[in-house]
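Undergrad: Encoded as structure tokens, here's the structure I'll be asking about.
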Amino acid sequence: MIQNGQITFYTHVYSPYCHRVHIALEQAKADYTSVCINLMEKPEWYDKKINTVTGKIPALTYGGPKHPPGEPSPEAAVLVESGVILEFLHETFPEARLLPSDPILRANARIFVSIVDNKLMDVFRGYFVEGAPASALLAGFEALQVRLPPVGADGKGGFAVGEWSIGDIAAAPLLARIVMLLEHDIGRFEEGDGPKTLALLRGPKYARIMKYLEDAKRWPSFEATWDEPTVLAIWQSNPFFKRS
Ligand SMILES: N[C@@H](CCC(=O)N[C@@H](CS)C(=O)NCC(=O)O)C(=O)O
């Protein structure tokens with residue numbers, strides 16, 4: 001492992017995008033400092049000095065000496081966008097094996113990330129916040145499921161491209177939050193609709209993706225970074241997800 005200088009990780013535990021980076025940092029056994037960014041009271045330096053592109057979390061500084069959160073050293077690279085940061089960590093910590101060595105598998109892992117970002121993130125918001133029907137959310141699960149390798153005779157399923165990769169690091173944080181929210185009926189849909197949607201997901205049609213999620217939740221770097229009671233408490237108090 002060649003870590004050339006400090007890493008500062010700007011994050012919040014509620015965020016599925018930040019969770020991606022957290023998993024990758026743990027898997028890389030990186031030496032890093034986390035800085036919690038509360039989006040409800042975002043420090044004014046964050047948009048000016050850290051994520052000058054979108055103001056969103058996560059972000060990461062890499063290199064140079066340790067610095068106060070709002071004052072990155074001129075020697076530090078400031079990185080934004082979870083997908084960019086995952087690729088960067090893969091290149092910086094190759095022994096963490098965030099991507100497979102086969103170029104086709106690497107491409108497929110990236111396609112899996114793109115399905116999460118393009119087919120699941122928007123419908124997630126639609127169902128939980130905007131009152132859209134569950135069908136689009138379920139279609140998002142299906143779009144991922146069709147790409148998963150079949151479960152073998154030994155009962156082992158494999159991840160998006162067989163071995164664990166950036167594809168799974170992108171998908172599992174969102175899938176885990178969706179299942180958690182459904183289980184606890186959190187969202188602006190009609191009361192009781194969350195558990196009903198979850199019952200559909202637990203039926204035979206979605207068995208492969210639900211097994212995939214269970215396997216992902218047992219992967220060491222996921223397990224080490226998933227504190228469900230804490231995440232649940234934050235989402236329970238999220239005003240955008242509360243029924244009026
Ligand atoms: N495309 C970005 C999305 C990041 C994102 O949407 N982060 C949310 C938190 S989960 C955020 O910072 N929202 C605040 C805002 O939109 O101003 C990534 O992959 O990092």
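A note on labels: chains of the structure tokens are A, B, ... as shown, every chain counts residues from 1, and ligands are counted from 1 in their shown order.
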Throw together the list of residues within 8 Å of ligand 1, counting only C-alpha atoms and all ligand atoms, and drop it here as a PyMOL selection string.

TA: chain A and resi 12+14-18+39+54-59+80-84+117

Undergrad: Taking C-alpha atoms for each residue, export the selection above as a compact mmCIF listing (two decimals), in the first residue's frame.

TA:
# COMPACT_ATOMS: atom_id res chain seq x y z
CA HIS A 12 -22.38 11.67 6.87
CA TYR A 14 -27.02 8.62 6.61
CA SER A 15 -25.79 8.97 3.02
CA PRO A 16 -25.61 5.96 0.67
CA TYR A 17 -23.09 7.83 -1.51
CA CYS A 18 -20.79 8.45 1.47
CA LEU A 39 -26.21 19.00 5.45
CA THR A 54 -21.78 20.67 -6.34
CA GLY A 55 -21.51 21.21 -2.57
CA LYS A 56 -22.55 17.58 -2.05
CA ILE A 57 -21.07 14.85 0.13
CA PRO A 58 -18.93 12.75 -0.07
CA ALA A 59 -15.64 14.49 -0.78
CA VAL A 80 -15.65 14.80 -5.30
CA GLU A 81 -18.30 12.41 -6.70
CA SER A 82 -18.47 8.96 -5.13
CA GLY A 83 -17.81 7.18 -8.45
CA VAL A 84 -14.67 9.23 -9.08
CA ASP A 117 -27.18 5.68 -10.40

Undergrad: As a PyMOL selection string, please: every residue in range 23-219 of chain A that a backbone DSSP assignment puts in alpha helix (DSSP H).

TA: chain A and resi 23-27+44-45+82-92+103-115+121-128+134-145+166-183+193-201+207-218

Undergrad: Can those selected residues be exported to a file as a PDB file, in the first residue's frame so that it contains C-alpha atoms?

TA:
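selection-v4.pdb, freshly written:
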ATOM      1  CA  ILE A  23     -16.570   0.837   2.428  1.00  0.00           C
ATOM      2  CA  ALA A  24     -13.745   1.407  -0.058  1.00  0.00           C
ATOM      3  CA  LEU A  25     -11.553   3.194   2.521  1.00  0.00           C
ATOM      4  CA  GLU A  26     -12.030   0.351   4.994  1.00  0.00           C
ATOM      5  CA  GLN A  27     -11.361  -2.263   2.347  1.00  0.00           C
ATOM      6  CA  GLU A  44     -19.839  27.678   4.995  1.00  0.00           C
ATOM      7  CA  TRP A  45     -16.295  26.575   4.082  1.00  0.00           C
ATOM      8  CA  SER A  82     -18.473   8.956  -5.127  1.00  0.00           C
ATOM      9  CA  GLY A  83     -17.807   7.178  -8.447  1.00  0.00           C
ATOM     10  CA  VAL A  84     -14.675   9.231  -9.079  1.00  0.00           C
ATOM     11  CA  ILE A  85     -13.447   8.652  -5.532  1.00  0.00           C
ATOM     12  CA  LEU A  86     -14.010   4.881  -5.770  1.00  0.00           C
ATOM     13  CA  GLU A  87     -11.988   4.716  -8.985  1.00  0.00           C
ATOM     14  CA  PHE A  88      -9.268   6.838  -7.390  1.00  0.00           C
ATOM     15  CA  LEU A  89      -9.098   4.551  -4.353  1.00  0.00           C
ATOM     16  CA  HIS A  90      -8.927   1.532  -6.628  1.00  0.00           C
ATOM     17  CA  GLU A  91      -5.917   3.019  -8.414  1.00  0.00           C
ATOM     18  CA  THR A  92      -4.240   4.217  -5.226  1.00  0.00           C
ATOM     19  CA  PRO A 103     -11.281  -5.673 -18.480  1.00  0.00           C
ATOM     20  CA  ILE A 104     -14.715  -7.056 -19.360  1.00  0.00           C
ATOM     21  CA  LEU A 105     -15.524  -7.687 -15.716  1.00  0.00           C
ATOM     22  CA  ARG A 106     -14.294  -4.191 -14.892  1.00  0.00           C
ATOM     23  CA  ALA A 107     -16.572  -2.731 -17.539  1.00  0.00           C
ATOM     24  CA  ASN A 108     -19.495  -4.779 -16.207  1.00  0.00           C
ATOM     25  CA  ALA A 109     -18.813  -3.570 -12.653  1.00  0.00           C
ATOM     26  CA  ARG A 110     -18.985   0.016 -13.932  1.00  0.00           C
ATOM     27  CA  ILE A 111     -22.210  -0.736 -15.818  1.00  0.00           C
ATOM     28  CA  PHE A 112     -23.679  -2.048 -12.560  1.00  0.00           C
ATOM     29  CA  VAL A 113     -22.755   1.276 -10.890  1.00  0.00           C
ATOM     30  CA  SER A 114     -24.420   3.129 -13.730  1.00  0.00           C
ATOM     31  CA  ILE A 115     -27.644   1.103 -13.315  1.00  0.00           C
ATOM     32  CA  MET A 121     -31.515   6.484  -7.283  1.00  0.00           C
ATOM     33  CA  ASP A 122     -34.283   8.490  -8.979  1.00  0.00           C
ATOM     34  CA  VAL A 123     -37.029   5.953  -8.380  1.00  0.00           C
ATOM     35  CA  PHE A 124     -35.908   5.708  -4.766  1.00  0.00           C
ATOM     36  CA  ARG A 125     -36.765   9.375  -4.318  1.00  0.00           C
ATOM     37  CA  GLY A 126     -39.950   8.972  -6.366  1.00  0.00           C
ATOM     38  CA  TYR A 127     -41.333   6.226  -4.154  1.00  0.00           C
ATOM     39  CA  PHE A 128     -40.216   7.416  -0.729  1.00  0.00           C
ATOM     40  CA  ALA A 134     -43.825   0.988  -5.941  1.00  0.00           C
ATOM     41  CA  SER A 135     -43.672  -0.402  -9.492  1.00  0.00           C
ATOM     42  CA  ALA A 136     -40.747   1.811 -10.583  1.00  0.00           C
ATOM     43  CA  LEU A 137     -38.785   0.937  -7.446  1.00  0.00           C
ATOM     44  CA  LEU A 138     -39.380  -2.764  -8.069  1.00  0.00           C
ATOM     45  CA  ALA A 139     -38.299  -2.332 -11.695  1.00  0.00           C
ATOM     46  CA  GLY A 140     -35.046  -0.802 -10.406  1.00  0.00           C
ATOM     47  CA  PHE A 141     -34.429  -3.941  -8.307  1.00  0.00           C
ATOM     48  CA  GLU A 142     -35.173  -6.061 -11.367  1.00  0.00           C
ATOM     49  CA  ALA A 143     -32.740  -4.079 -13.545  1.00  0.00           C
ATOM     50  CA  LEU A 144     -29.954  -5.008 -11.127  1.00  0.00           C
ATOM     51  CA  GLN A 145     -31.172  -8.552 -10.540  1.00  0.00           C
ATOM     52  CA  ILE A 166     -17.044  -1.309  -7.004  1.00  0.00           C
ATOM     53  CA  GLY A 167     -20.368  -2.440  -8.523  1.00  0.00           C
ATOM     54  CA  ASP A 168     -21.410  -3.920  -5.174  1.00  0.00           C
ATOM     55  CA  ILE A 169     -19.911  -1.040  -3.208  1.00  0.00           C
ATOM     56  CA  ALA A 170     -22.191   1.295  -5.194  1.00  0.00           C
ATOM     57  CA  ALA A 171     -25.328  -0.846  -4.937  1.00  0.00           C
ATOM     58  CA  ALA A 172     -25.375  -2.314  -1.423  1.00  0.00           C
ATOM     59  CA  PRO A 173     -25.582   0.972   0.563  1.00  0.00           C
ATOM     60  CA  LEU A 174     -28.726   2.039  -1.308  1.00  0.00           C
ATOM     61  CA  LEU A 175     -30.347  -1.412  -1.324  1.00  0.00           C
ATOM     62  CA  ALA A 176     -29.748  -1.791   2.429  1.00  0.00           C
ATOM     63  CA  ARG A 177     -31.324   1.606   3.126  1.00  0.00           C
ATOM     64  CA  ILE A 178     -34.332   0.852   0.919  1.00  0.00           C
ATOM     65  CA  VAL A 179     -35.034  -2.433   2.726  1.00  0.00           C
ATOM     66  CA  MET A 180     -34.549  -0.729   6.115  1.00  0.00           C
ATOM     67  CA  LEU A 181     -36.982   2.074   5.219  1.00  0.00           C
ATOM     68  CA  LEU A 182     -39.589  -0.366   3.880  1.00  0.00           C
ATOM     69  CA  GLU A 183     -39.313  -2.543   6.967  1.00  0.00           C
ATOM     70  CA  ASP A 193     -47.293   0.396   2.043  1.00  0.00           C
ATOM     71  CA  GLY A 194     -43.611  -0.032   2.984  1.00  0.00           C
ATOM     72  CA  PRO A 195     -44.001  -3.534   4.507  1.00  0.00           C
ATOM     73  CA  LYS A 196     -46.304  -4.485   1.584  1.00  0.00           C
ATOM     74  CA  THR A 197     -43.610  -3.531  -0.930  1.00  0.00           C
ATOM     75  CA  LEU A 198     -41.037  -5.390   1.149  1.00  0.00           C
ATOM     76  CA  ALA A 199     -43.244  -8.513   1.125  1.00  0.00           C
ATOM     77  CA  LEU A 200     -43.170  -8.363  -2.701  1.00  0.00           C
ATOM     78  CA  LEU A 201     -39.387  -8.051  -2.629  1.00  0.00           C
ATOM     79  CA  ALA A 207     -35.180 -13.864  -4.505  1.00  0.00           C
ATOM     80  CA  ARG A 208     -31.855 -13.438  -6.321  1.00  0.00           C
ATOM     81  CA  ILE A 209     -31.362  -9.763  -5.539  1.00  0.00           C
ATOM     82  CA  MET A 210     -32.483 -10.191  -1.937  1.00  0.00           C
ATOM     83  CA  LYS A 211     -29.959 -13.009  -1.475  1.00  0.00           C
ATOM     84  CA  TYR A 212     -27.370 -10.749  -3.088  1.00  0.00           C
ATOM     85  CA  LEU A 213     -28.142  -8.044  -0.537  1.00  0.00           C
ATOM     86  CA  GLU A 214     -27.843 -10.495   2.358  1.00  0.00           C
ATOM     87  CA  ASP A 215     -24.469 -11.669   1.000  1.00  0.00           C
ATOM     88  CA  ALA A 216     -23.326  -8.058   0.542  1.00  0.00           C
ATOM     89  CA  LYS A 217     -24.308  -7.198   4.116  1.00  0.00           C
ATOM     90  CA  ARG A 218     -22.014  -9.978   5.338  1.00  0.00           C
TER      91      ARG A 218
END

Undergrad: From the list A:Pro220, A:Pro100, A:Gly192, A:Gly187, which residue is nearest Glu163 in chain A when using only C-alpha atoms?

TA: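 Going through A:Pro220, A:Pro100, A:Gly192, A:Gly187 one by one, the smallest distance to Glu163 in chain A is for A:Pro100.
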
Undergrad: Quick one: residues within 12 Å of Phe240 in chain A, only C-alpha atoms, excluding same-chain residues fewer than 3 positions away - as a compact mmCIF listing (two decimals) with N, CA, C and O atoms, in the first residue's frame?

TA:
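File produced: part-v3.txt:
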# COMPACT_ATOMS: atom_id res chain seq x y z
N ARG A 125 -36.19 8.09 -4.73
CA ARG A 125 -36.77 9.37 -4.32
C ARG A 125 -38.26 9.43 -4.69
O ARG A 125 -39.10 9.87 -3.91
N GLY A 126 -38.57 8.95 -5.90
CA GLY A 126 -39.95 8.97 -6.37
C GLY A 126 -40.87 8.23 -5.41
O GLY A 126 -41.91 8.73 -5.01
N TYR A 127 -40.47 7.05 -5.01
CA TYR A 127 -41.33 6.23 -4.15
C TYR A 127 -41.40 6.77 -2.72
O TYR A 127 -42.47 6.92 -2.15
N PHE A 128 -40.24 7.07 -2.16
CA PHE A 128 -40.22 7.42 -0.73
C PHE A 128 -40.62 8.86 -0.44
O PHE A 128 -41.12 9.16 0.63
N VAL A 129 -40.37 9.74 -1.41
CA VAL A 129 -40.61 11.17 -1.13
C VAL A 129 -41.77 11.73 -1.95
O VAL A 129 -42.55 12.54 -1.45
N GLU A 130 -41.90 11.28 -3.20
CA GLU A 130 -42.85 11.96 -4.09
C GLU A 130 -44.16 11.19 -4.30
O GLU A 130 -44.98 11.59 -5.12
N GLY A 131 -44.33 10.09 -3.61
CA GLY A 131 -45.59 9.35 -3.68
C GLY A 131 -45.79 8.57 -4.98
O GLY A 131 -46.91 8.21 -5.32
N ILE A 186 -41.08 3.79 6.59
CA ILE A 186 -40.66 5.20 6.56
C ILE A 186 -40.73 5.70 5.11
O ILE A 186 -40.09 5.12 4.22
N GLY A 187 -41.48 6.74 4.89
CA GLY A 187 -41.62 7.30 3.54
C GLY A 187 -42.97 7.98 3.44
O GLY A 187 -43.83 7.80 4.32
N ARG A 188 -43.18 8.71 2.38
CA ARG A 188 -44.43 9.48 2.25
C ARG A 188 -45.55 8.70 1.56
O ARG A 188 -46.53 9.29 1.15
N PHE A 189 -45.35 7.42 1.37
CA PHE A 189 -46.42 6.60 0.79
C PHE A 189 -47.48 6.36 1.87
O PHE A 189 -47.28 6.71 3.05
N ILE A 234 -31.55 8.30 12.09
CA ILE A 234 -31.41 9.53 11.28
C ILE A 234 -32.51 9.60 10.23
O ILE A 234 -33.15 10.63 10.05
N TRP A 235 -32.77 8.48 9.55
CA TRP A 235 -33.80 8.50 8.51
C TRP A 235 -35.19 8.68 9.12
O TRP A 235 -36.06 9.29 8.51
N GLN A 236 -35.39 8.15 10.33
CA GLN A 236 -36.70 8.32 10.99
C GLN A 236 -37.01 9.79 11.24
O GLN A 236 -38.16 10.19 11.28
N SER A 237 -35.95 10.59 11.42
CA SER A 237 -36.20 12.00 11.72
C SER A 237 -36.05 12.89 10.48
O SER A 237 -36.10 14.11 10.58
N ARG A 243 -44.56 11.40 6.71
CA ARG A 243 -45.94 11.65 6.23
C ARG A 243 -46.48 12.87 6.94
O ARG A 243 -46.23 13.06 8.12
N SER A 244 -47.27 13.69 6.22
CA SER A 244 -47.81 14.88 6.91
C SER A 244 -49.06 14.49 7.68
O SER A 244 -49.65 13.45 7.47
